[in-house]
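K.L.:
Just target24.txt, nothing more (compact mmCIF, C-alpha atoms):
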# COMPACT_ATOMS: atom_id res chain seq x y z
CA MET J 1 -13.16 42.21 -56.17
CA MET J 2 -15.67 42.21 -53.31
CA THR J 3 -18.27 39.47 -53.69
CA LYS J 4 -21.99 40.06 -53.53
CA GLU J 5 -22.19 38.26 -50.20
CA ILE J 6 -19.53 40.43 -48.59
CA PHE J 7 -21.11 43.57 -50.04
CA ALA J 8 -24.48 42.50 -48.66
CA SER J 9 -23.05 41.74 -45.25
CA HIS J 10 -21.46 45.20 -45.08
CA VAL J 11 -24.76 46.81 -46.06
CA LEU J 12 -26.71 44.81 -43.49
CA PHE J 13 -24.23 45.79 -40.80
CA LEU J 14 -24.61 49.43 -41.75
CA GLU J 15 -28.40 49.31 -42.08
CA PRO J 16 -29.28 51.08 -38.80
CA ALA J 17 -26.86 53.90 -39.60
CA LEU J 18 -28.22 54.16 -43.13
CA TYR J 19 -31.69 54.60 -41.66
CA ARG J 20 -30.65 57.20 -39.09
CA ILE J 21 -28.68 59.27 -41.57
CA SER J 22 -31.37 59.19 -44.25
CA LYS J 23 -34.03 59.92 -41.63
CA SER J 24 -32.09 62.90 -40.38
CA MET J 25 -32.03 64.30 -43.91
CA LEU J 26 -35.39 63.29 -45.31
CA TYR J 27 -37.79 62.83 -42.36
CA GLU J 28 -40.20 60.58 -44.26
CA ASP J 29 -39.59 56.85 -44.12
CA ALA J 30 -40.76 56.31 -47.70
CA ASP J 31 -38.08 58.73 -48.92
CA CYS J 32 -35.49 57.01 -46.74
CA GLU J 33 -36.35 53.68 -48.36
CA ASP J 34 -36.04 55.15 -51.84
CA ALA J 35 -32.69 56.72 -50.98
CA VAL J 36 -31.22 53.56 -49.50
CA GLN J 37 -32.41 51.45 -52.42
CA GLU J 38 -30.71 53.79 -54.87
CA ALA J 39 -27.58 53.98 -52.74
CA ILE J 40 -27.27 50.19 -52.60
CA LEU J 41 -27.70 49.87 -56.34
CA LYS J 42 -25.23 52.63 -57.15
CA GLY J 43 -22.79 51.40 -54.55
CA TYR J 44 -22.84 47.89 -55.98
CA GLU J 45 -22.41 49.19 -59.49
CA LYS J 46 -19.51 51.40 -58.46
CA LEU J 47 -17.68 48.95 -56.22
CA GLY J 48 -14.63 49.48 -58.37
CA THR J 49 -14.32 53.02 -56.97
CA LEU J 50 -13.88 51.71 -53.43
CA LYS J 51 -10.14 51.67 -52.89
CA GLU J 52 -10.07 49.74 -49.63
CA GLU J 53 -12.70 47.62 -47.95
CA GLY J 54 -11.99 49.41 -44.68
CA TYR J 55 -13.51 52.59 -46.11
CA PHE J 56 -16.76 50.87 -47.06
CA ASN J 57 -18.92 52.58 -44.45
CA THR J 58 -17.85 56.15 -45.14
CA TRP J 59 -17.95 55.43 -48.87
CA LEU J 60 -21.51 54.06 -48.88
CA ILE J 61 -22.76 56.76 -46.52
CA ARG J 62 -21.46 59.39 -48.89
CA ILE J 63 -23.37 57.72 -51.73
CA LEU J 64 -26.47 57.62 -49.54
CA MET J 65 -26.19 61.30 -48.67
CA ASN J 66 -25.93 62.18 -52.35
CA GLU J 67 -29.14 60.24 -52.98
CA CYS J 68 -30.80 62.08 -50.11
CA TYR J 69 -29.76 65.40 -51.63
CA THR J 70 -31.23 64.30 -54.95
CA ILE J 71 -34.56 63.59 -53.27
CA LEU J 72 -34.44 66.86 -51.37
CA ARG J 73 -33.78 68.77 -54.57
CA LYS J 74 -36.78 67.14 -56.17
CA LYS J 75 -38.89 68.04 -53.18
CA SER J 76 -37.59 71.63 -53.20
CA ARG J 77 -36.40 71.46 -49.63
CA PHE J 78 -32.76 71.55 -50.51
CA LEU J 79 -30.85 74.43 -49.02
CA PRO J 80 -27.67 75.73 -50.65
CA PHE J 81 -24.62 74.25 -49.06
CA ASP J 82 -23.03 77.46 -47.90
CA ASP J 83 -22.14 78.90 -44.56
CA ASP J 84 -25.23 81.02 -44.23
CA VAL J 85 -27.23 78.70 -42.09
CA GLU J 86 -30.96 78.97 -42.41
CA GLU J 87 -33.66 77.39 -40.32
CA MET J 88 -35.46 74.48 -41.88
CA GLU J 89 -39.17 74.96 -42.40
CA ASP J 90 -40.92 74.17 -39.17
CA ASP J 91 -43.17 71.57 -40.75
CA VAL J 92 -41.57 68.50 -39.25
CA GLU J 93 -44.22 66.22 -37.84
CA PHE J 94 -43.10 64.68 -34.60
CA GLN J 95 -44.60 61.68 -32.93
CA GLY J 96 -45.66 63.66 -29.89
CA ASP J 97 -44.42 62.73 -26.50
CA GLU J 98 -42.79 59.57 -27.70
CA LYS J 99 -39.88 61.36 -29.30
CA ALA J 100 -37.07 62.27 -27.04
CA GLU J 101 -36.48 65.95 -26.49
CA MET J 102 -33.04 65.58 -27.98
CA TYR J 103 -34.37 63.98 -31.14
CA GLN J 104 -36.76 66.84 -31.66
CA ALA J 105 -34.03 69.37 -31.06
CA VAL J 106 -31.69 67.62 -33.51
CA MET J 107 -34.35 67.30 -36.18
CA LYS J 108 -35.12 71.01 -35.90
CA LEU J 109 -31.56 71.92 -36.74
CA PRO J 110 -30.81 73.26 -40.18
CA LEU J 111 -29.83 70.50 -42.59
CA LYS J 112 -26.06 71.04 -42.57
CA MET J 113 -25.81 71.22 -38.81
CA ARG J 114 -28.17 68.27 -38.43
CA ILE J 115 -26.03 66.03 -40.65
CA THR J 116 -22.91 67.07 -38.79
CA ILE J 117 -24.42 66.29 -35.39
CA VAL J 118 -25.78 62.93 -36.56
CA LEU J 119 -22.53 61.82 -38.17
CA PHE J 120 -20.41 62.91 -35.21
CA TYR J 121 -22.51 62.11 -32.15
CA VAL J 122 -25.00 59.51 -33.33
CA GLU J 123 -22.79 57.57 -35.72
CA GLY J 124 -19.47 58.28 -34.02
CA TYR J 125 -17.40 59.29 -37.03
CA THR J 126 -14.23 61.27 -36.54
CA ILE J 127 -13.62 64.71 -37.96
CA GLU J 128 -11.27 63.17 -40.53
CA GLU J 129 -13.89 60.69 -41.67
CA MET J 130 -16.49 63.43 -41.91
CA VAL J 131 -14.13 65.51 -44.06
CA SER J 132 -14.14 62.60 -46.51
CA MET J 133 -17.88 62.04 -46.36
CA LEU J 134 -18.97 65.65 -46.55
CA GLY J 135 -16.24 66.93 -48.85
CA ILE J 136 -15.56 69.96 -46.68
CA PRO J 137 -12.47 71.07 -44.70
CA ALA J 138 -11.94 69.94 -41.12
CA GLY J 139 -12.28 73.50 -39.89
CA THR J 140 -15.73 73.76 -41.45
CA VAL J 141 -16.79 70.48 -39.81
CA LYS J 142 -15.65 71.73 -36.43
CA SER J 143 -17.34 75.10 -36.77
CA ARG J 144 -20.61 73.47 -37.79
CA LEU J 145 -20.40 71.17 -34.81
CA ALA J 146 -19.84 74.13 -32.55
CA ARG J 147 -22.78 76.05 -34.03
CA ALA J 148 -24.98 72.96 -33.82
CA ARG J 149 -24.14 72.44 -30.16
CA LYS J 150 -24.92 76.08 -29.46
CA THR J 151 -28.26 75.80 -31.27
CA LEU J 152 -29.15 72.60 -29.44
CA ARG J 153 -28.31 74.27 -26.15
CA LYS J 154 -30.88 76.95 -26.90
CA GLU J 155 -33.52 74.39 -27.82
CA LEU J 156 -33.02 72.20 -24.79
CA ASP J 157 -33.88 73.18 -21.28
CA SER J 158 -31.14 75.59 -20.23
CA THR J 159 -31.45 74.48 -16.59
CA GLU J 160 -30.39 70.98 -17.53
CA ARG J 161 -26.75 70.57 -18.37
CA VAL J 162 -26.21 67.78 -20.85
CA GLU J 163 -22.66 66.61 -21.14
CA VAL J 164 -21.45 64.79 -24.15
CA LYS J 165 -18.29 62.75 -24.20
CA TYR J 166 -16.87 64.71 -27.10
CA GLY J 167 -18.13 68.09 -26.03
CA THR J 168 -20.83 69.70 -23.99
CA VAL J 169 -24.23 70.60 -25.26
CA MET G 6 -25.50 62.37 -22.58
CA GLU G 7 -23.17 59.45 -23.17
CA ARG G 8 -22.10 58.72 -26.75
CA SER G 9 -23.94 55.39 -26.64
CA GLU G 10 -27.20 57.13 -25.77
CA TRP G 11 -27.17 59.32 -28.85
CA LYS G 12 -28.13 56.42 -31.09
CA ASN G 13 -31.26 55.87 -28.99
CA ILE G 14 -32.72 59.26 -29.83
CA PHE G 15 -33.72 57.78 -33.19
CA GLU G 16 -36.45 55.22 -33.45
CA LYS G 17 -35.56 51.66 -34.34
CA THR G 18 -35.17 50.87 -38.02
CA PRO G 19 -38.71 50.29 -39.38
CA GLN G 20 -39.51 46.91 -40.86
CA SER G 21 -40.36 48.54 -44.19
CA PHE G 22 -36.82 49.98 -44.41
CA HIS G 23 -35.33 46.61 -43.52
CA THR G 24 -37.49 44.90 -46.14
CA ARG G 25 -36.43 47.37 -48.82
CA VAL G 26 -32.75 46.82 -48.01
CA GLN G 27 -33.22 43.06 -48.03
CA SER G 28 -35.12 42.89 -51.28
CA THR G 29 -32.70 45.27 -53.01
CA LEU G 30 -29.75 43.14 -51.92
CA ALA G 31 -31.52 39.98 -52.98
CA GLY G 32 -32.06 41.38 -56.47
CA LEU G 33 -28.42 42.21 -57.05
CA PRO G 34 -26.77 40.19 -59.77
CA GLU G 35 -23.69 38.12 -59.06
CA ARG G 36 -20.36 39.89 -59.34
CA GLU G 37 -19.36 37.56 -62.17
CA THR G 38 -22.30 38.79 -64.19
CA ILE G 39 -21.24 42.38 -63.81
CA SER G 40 -17.55 41.97 -64.51
CA MET G 41 -17.88 39.59 -67.41
CA LYS G 42 -20.98 40.73 -69.21
CA LYS G 43 -21.41 44.34 -68.07
CA THR G 44 -25.13 44.05 -68.61
CA LYS G 45 -27.94 45.81 -66.88
CA PHE G 46 -29.27 44.22 -63.76
CA THR G 47 -31.42 41.22 -64.47
CA LEU G 48 -33.22 39.11 -61.97
CA LYS G 49 -31.93 35.59 -61.95
CA LYS G 50 -34.24 32.78 -61.02
CA ALA G 51 -32.04 31.94 -58.07
CA ALA G 52 -32.58 35.44 -56.75
CA VAL G 53 -36.31 34.78 -56.57
CA PHE G 54 -35.74 32.10 -53.96
CA ALA G 55 -33.52 34.54 -52.11
CA ILE G 56 -36.18 37.21 -52.21
CA VAL G 57 -38.81 34.84 -50.90
CA ALA G 58 -36.50 33.60 -48.19
CA VAL G 59 -35.33 37.09 -47.29
CA LEU G 60 -38.80 38.52 -47.02
CA ALA G 61 -40.03 35.57 -45.03
CA VAL G 62 -37.18 35.81 -42.57
CA GLY G 63 -37.52 39.56 -42.40
CA SER G 64 -40.93 39.25 -40.83
CA SER G 65 -40.00 36.74 -38.16
CA VAL G 66 -37.11 35.90 -35.94
CA PHE G 67 -35.76 32.39 -35.87
CA ALA G 68 -35.17 32.12 -32.17
CA ALA G 69 -32.57 29.39 -32.20
CA SER G 70 -30.04 31.20 -34.30
CA LYS G 71 -31.58 34.70 -34.07
CA MET G 72 -31.27 34.80 -37.84
CA THR G 73 -33.09 37.82 -39.19
CA SER G 74 -31.43 38.23 -42.57
CA VAL G 75 -30.52 35.80 -45.29
CA VAL G 76 -28.21 36.51 -48.21
CA SER G 77 -28.13 34.16 -51.15
CA SER G 78 -25.65 34.00 -53.98
CA SER G 79 -24.90 31.68 -56.82
CA ASP G 80 -22.13 31.18 -59.32
CA ASN G 81 -22.88 30.46 -62.98
CA ARG G 82 -19.91 28.11 -62.98
CA ASN G 83 -21.88 25.76 -60.76
CA ASP G 84 -24.75 25.42 -63.24
CA PHE G 85 -25.44 21.92 -64.51
CA THR G 86 -27.70 20.64 -67.27
CA THR G 87 -27.36 16.97 -66.48
CA LEU G 88 -28.00 15.72 -63.00
CA PRO G 89 -24.66 15.02 -61.34
CA SER G 90 -24.15 11.82 -59.44
CA ALA G 91 -25.37 11.64 -55.88
CA SER G 92 -21.79 11.53 -54.59
CA GLU G 93 -20.84 14.61 -56.60
CA ILE G 94 -23.80 16.58 -55.27
CA ARG G 95 -23.05 15.38 -51.77
CA GLU G 96 -19.44 16.48 -52.08
CA LYS G 97 -20.24 19.91 -53.50
CA CYS G 98 -23.07 20.64 -51.08
CA GLY G 99 -21.60 19.04 -48.03
CA PHE G 100 -24.83 17.29 -47.12
CA THR G 101 -27.07 14.44 -48.17
CA SER G 102 -30.47 15.35 -49.53
CA LYS G 103 -33.61 14.03 -51.11
CA TYR G 104 -34.55 14.81 -54.68
CA VAL G 105 -36.02 13.05 -57.69
CA THR G 106 -35.05 12.94 -61.35
CA ALA G 107 -38.72 13.14 -62.35
CA PHE G 108 -42.15 13.54 -60.75
CA SER G 109 -45.10 11.29 -61.46
CA ASN G 110 -47.09 14.18 -62.96
CA GLY G 111 -44.59 14.60 -65.83
CA TYR G 112 -42.14 17.20 -64.48
CA THR G 113 -38.58 16.03 -65.25
CA PHE G 114 -35.11 17.31 -64.48
CA ALA G 115 -34.00 20.24 -66.68
CA SER G 116 -31.10 22.04 -64.96
CA GLY G 117 -29.63 22.95 -61.63
CA ASN G 118 -27.18 25.03 -59.64
CA ILE G 119 -25.33 24.94 -56.35
CA GLY G 120 -25.13 28.27 -54.55
CA ASN G 121 -24.43 29.74 -51.12
CA VAL G 122 -26.67 31.00 -48.36
CA ALA G 123 -25.59 33.02 -45.31
CA GLY G 124 -27.66 34.08 -42.35
CA TYR G 125 -27.17 37.14 -40.14
CA ASP G 126 -28.63 38.23 -36.82
CA ASP G 127 -29.84 41.68 -35.81
CA ASP G 128 -26.29 42.71 -34.97
CA LYS G 129 -25.26 41.64 -38.46
CA ASN G 130 -23.17 38.79 -37.13
CA LYS G 131 -23.04 35.83 -39.45
CA THR G 132 -25.02 33.10 -37.73
CA GLY G 133 -24.67 30.41 -40.35
CA ALA G 134 -23.71 29.55 -43.87
CA ALA G 135 -24.49 26.63 -46.11
CA LYS G 136 -24.76 25.45 -49.67
CA ASN G 137 -28.02 25.56 -51.55
CA LEU G 138 -28.99 23.04 -54.21
CA TYR G 139 -31.43 24.25 -56.88
CA ILE G 140 -33.03 21.84 -59.33
CA THR G 141 -35.38 22.96 -62.09
CA TYR G 142 -37.97 20.54 -63.42
CA LYS G 143 -39.94 21.07 -66.60
CA ASN G 144 -43.15 19.78 -68.07
CA GLN G 145 -43.50 21.29 -71.52
CA ASP G 146 -43.51 25.05 -70.84
CA SER G 147 -44.14 24.80 -67.12
CA THR G 148 -41.34 24.74 -64.55
CA VAL G 149 -41.09 23.87 -60.89
CA GLU G 150 -37.99 24.49 -58.83
CA LEU G 151 -36.75 22.54 -55.87
CA SER G 152 -34.41 24.30 -53.45
CA ILE G 153 -32.59 22.42 -50.72
CA THR G 154 -30.65 24.53 -48.22
CA GLY G 155 -28.13 22.93 -45.93
CA MET G 156 -29.39 24.86 -42.92
CA VAL G 157 -32.70 26.13 -41.57
CA THR G 158 -33.27 29.82 -42.23
CA GLU G 159 -36.84 30.20 -41.07
CA ASP G 160 -38.95 29.08 -38.15
CA LEU G 161 -41.86 27.69 -40.15
CA SER G 162 -44.08 27.54 -37.09
CA ASP G 163 -44.28 31.35 -37.29
CA ARG G 164 -46.18 31.08 -40.55
CA LYS G 165 -49.89 31.72 -40.37
CA GLU G 166 -50.77 28.86 -42.75
CA THR G 167 -51.81 25.55 -41.26
CA PRO G 168 -49.32 22.89 -42.36
CA VAL G 169 -50.11 19.52 -43.82
CA ASP G 170 -48.73 16.64 -41.83
CA TYR G 171 -46.92 13.99 -43.81
CA ASN G 172 -44.49 11.39 -42.58
CA ASN G 173 -43.98 13.26 -39.29
CA LEU G 174 -43.16 16.40 -41.21
CA GLN G 175 -45.09 19.68 -41.46
CA ILE G 176 -45.38 20.90 -45.02
CA TYR G 177 -46.42 24.53 -45.42
CA TYR G 178 -48.19 25.76 -48.54
CA GLN G 179 -47.97 29.40 -49.48
CA LYS G 180 -49.30 31.48 -52.35
CA GLN G 181 -48.26 35.06 -53.00
CA ASP G 182 -48.28 37.60 -55.82
CA TYR G 183 -44.99 39.40 -56.35
CA LYS G 184 -44.47 42.61 -58.26
CA PHE G 185 -40.98 42.82 -59.72
CA GLU G 186 -39.89 46.30 -60.65
CA PRO G 187 -36.83 47.80 -62.34
CA ALA G 188 -33.96 48.48 -60.02
CA ASP G 189 -34.63 52.21 -59.78
CA TYR G 190 -38.41 52.03 -59.44
CA LYS G 191 -39.99 54.06 -56.65
CA LEU G 192 -43.14 52.82 -54.95
CA THR G 193 -46.26 54.90 -55.57
CA PRO G 194 -48.81 55.49 -52.79
CA THR G 195 -50.95 52.77 -54.37
CA ASP G 196 -47.96 50.41 -54.31
CA GLN G 197 -47.32 51.22 -50.68
CA ALA G 198 -50.93 50.45 -49.83
CA ASP G 199 -50.75 47.18 -51.77
CA GLU G 200 -47.54 46.25 -50.00
CA LYS G 201 -48.99 47.03 -46.62
CA SER G 202 -52.16 45.02 -47.29
CA GLY G 203 -50.15 42.03 -48.47
CA LYS G 204 -51.63 42.12 -51.94
CA TYR G 205 -48.17 42.28 -53.46
CA VAL G 206 -44.67 41.71 -52.26
CA PHE G 207 -42.37 44.08 -54.11
CA SER G 208 -38.91 43.34 -55.32
CA TYR G 209 -36.43 45.02 -57.61
CA GLY G 210 -34.13 44.07 -60.41
CA SER G 211 -36.33 43.14 -63.33
CA GLU G 212 -36.03 44.91 -66.66
CA LYS G 213 -39.71 45.91 -66.59
CA GLU G 214 -42.63 45.59 -64.25
CA GLU G 215 -43.78 42.01 -63.90
CA ILE G 216 -46.48 40.52 -61.73
CA ASP G 217 -45.82 36.91 -60.89
CA ASN G 218 -47.70 34.47 -58.79
CA PHE G 219 -45.63 32.14 -56.68
CA GLN G 220 -46.81 29.01 -54.98
CA SER G 221 -44.49 27.10 -52.72
CA VAL G 222 -44.44 24.21 -50.35
CA THR G 223 -41.78 24.26 -47.65
CA TRP G 224 -40.68 21.77 -45.05
CA ILE G 225 -37.74 20.99 -42.87
CA GLU G 226 -36.22 17.54 -42.68
CA ASN G 227 -32.98 16.42 -41.09
CA GLY G 228 -31.77 19.99 -40.58
CA LYS G 229 -32.31 20.97 -44.19
CA GLU G 230 -34.86 23.32 -45.61
CA TYR G 231 -36.78 22.11 -48.67
CA ASN G 232 -38.78 24.43 -50.87
CA LEU G 233 -40.70 23.46 -53.99
CA GLN G 234 -41.81 26.51 -55.92
CA ALA G 235 -43.98 27.12 -58.97
CA GLU G 236 -44.21 30.43 -60.77
CA ASN G 237 -47.36 31.45 -62.66
CA SER G 238 -48.32 27.83 -62.67
CA ALA G 239 -51.57 26.01 -63.33
CA LEU G 240 -50.57 23.50 -60.67
CA GLN G 241 -53.02 23.34 -57.82
CA LYS G 242 -52.14 23.23 -54.14
CA GLN G 243 -52.83 19.50 -53.89
CA GLU G 244 -50.57 18.76 -56.86
CA LEU G 245 -47.68 20.65 -55.30
CA LEU G 246 -48.22 18.86 -52.02
CA GLN G 247 -48.17 15.55 -53.89
CA MET G 248 -44.86 16.51 -55.48
CA ALA G 249 -43.48 17.42 -52.06
CA GLN G 250 -44.50 14.02 -50.78
CA GLU G 251 -42.60 12.38 -53.63
CA VAL G 252 -39.47 14.22 -52.54
CA VAL G 253 -40.05 13.22 -48.93
CA ASN G 254 -40.43 9.59 -50.04
CA ALA G 255 -37.20 9.68 -52.08
CA GLU G 256 -34.03 8.14 -50.82
CA GLU G 257 -31.72 10.45 -48.93
CA LYS G 258 -28.46 10.33 -50.82
Please go through the file and, once you have read it, give me the structure as structure tokens.
P.N.:
Amino acid sequence: MMTKEIFASHVLFLEPALYRISKSMLYEDADCEDAVQEAILKGYEKLGTLKEEGYFNTWLIRILMNECYTILRKKSRFLPFDDDVEEMEDDVEFQGDEKAEMYQAVMKLPLKMRITIVLFYVEGYTIEEMVSMLGIPAGTVKSRLARARKTLRKELDSTERVEVKYGTV
Amino acid sequence: MERSEWKNIFEKTPQSFHTRVQSTLAGLPERETISMKKTKFTLKKAAVFAIVAVLAVGSSVFAASKMTSVVSSSDNRNDFTTLPSASEIREKCGFTSKYVTAFSNGYTFASGNIGNVAGYDDDKNKTGAAKNLYITYKNQDSTVELSITGMVTEDLSDRKETPVDYNNLQIYYQKQDYKFEPADYKLTPTDQADEKSGKYVFSYGSEKEEIDNFQSVTWIENGKEYNLQAENSALQKQELLQMAQEVVNAEEK
């Protein structure tokens, strides 16, 4: 069974990703800290459900996302996880000019598209890994990515063509 | 935009997030505790040292090794209630160290443990690992704990306290109130303000909320980190410093 030290080292390695993913879902740092604390505790308690150490990252991120959804439900910002995409409330407080245009555009995306963009482009997970993390079919992942790219294109300056290695925004 | 640039659209992980991760990890029980006893999380004494070390390292970077995280673990099977021989301790720890069987103010050996400490840098590469010797001393109902780590995990010169010079060593005294909360406790706005002001350092894993005062004296000698810690103790700063000096004066064995 995985030791505490190895578990901790995996968590520390994943820490920046845990922050980015929780931030993309919750916005407020205090909520992100609550979510990651709960995810670490639940992950440690449920280590027996991790079949192979190689799947640690996707496994823990899935636990983290569930904790984020729990917080969102409590805060009544949770949107039903269906294909009818709705805009998030436009009450996100940005840090002004300091935030990159792309960050603002990503954070304005509806929750489902936002998570998909962050997992794919920011964290670099494959479609197959995202199927496991999100619990949705590959086709749905791909269509959400496509819709997210289209939405980002509208948000960003249309005169500036931004190319992404795995697609074009 | 290149794939590598996407990560940069997010701000860097805030220190508060890092601290929460660190303190949550530090409060985790050992795997043996979970598999054998299947009890709720409880905060072992050894974890307290880990929390203190973790939170100290979290706020500074030790330039030499770039160690920014410390993970501590211990194994119940390495507990001892009689002080092993010097050679046995040396063999298990892999280093010589200084310690006493009793202090002049009445604190005497009660128990001990040998655990592990690992350090990581910002890229989560392991930068070092060593054994950690814990010795608990008691004087009636009062305890003091000596921790000797086989590597340096903190650049003490980053501390804001002025050290006491003794025998060409700098001994740092620190006093801090800690609030230990249950594992699933969420900080209130008042808690967040207290944490930010330094009134309390928060950590998780206790069965109920506890406020504990910790005093410690820390020094580095011969590549090892010594820490003498008293919890909710009537000992004064000068008494702890005197005890530290007795350890410094002990034979390295």
K.L.:
So, counting all atoms listed in the file, which residue among G:Gly203, G:Pro168, G:Pro187, G:Gly111 is closest to chain J?
P.N.:
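Among the listed residues, the smallest separation from chain J belongs to G:Pro187.
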K.L.:
Report as number ranges by chain the set of chain J residues whose atoms approach chain G to within 9 Å, with distances computed over all atoms listed in the file.
P.N.:
J: 1-5, 7-17, 19-20, 23-24, 29-30, 32-34, 36-38, 40-41, 44-45, 99-104, 118, 121-124, 162-166, 168-169
K.L.:
Quick one: pull the distance between atom CA of J:Met107 and atom CA of J:Ala148, Å, one decimal.
P.N.:
11.2 Å
K.L.:
Which residues, written as a PyMOL selection string, have at least one atom at most 6 Å from stretch 237-246 of chain G, with only C-alpha atoms counted and residues fewer than 2 positions away on the same chain left out?
P.N.:
chain G and resi 217-218+235+248-249
K.L.:
Pick the closest to J:Val106 from J:Lys46, J:Lys74, J:Ile136, J:Leu152: which is it, counting only C-alpha atoms?
P.N.:
J:Leu152
K.L.:
Considering all atoms listed in the file, return as JSON, numbers by chain whatever protein or nucleic-acid residues lie within 8 Å of G:Lys136, sequence-local ones (same chain, fewer than 3 positions apart) excluded.
P.N.:
{"G": [98, 99, 119, 120, 121, 122, 154, 155]}
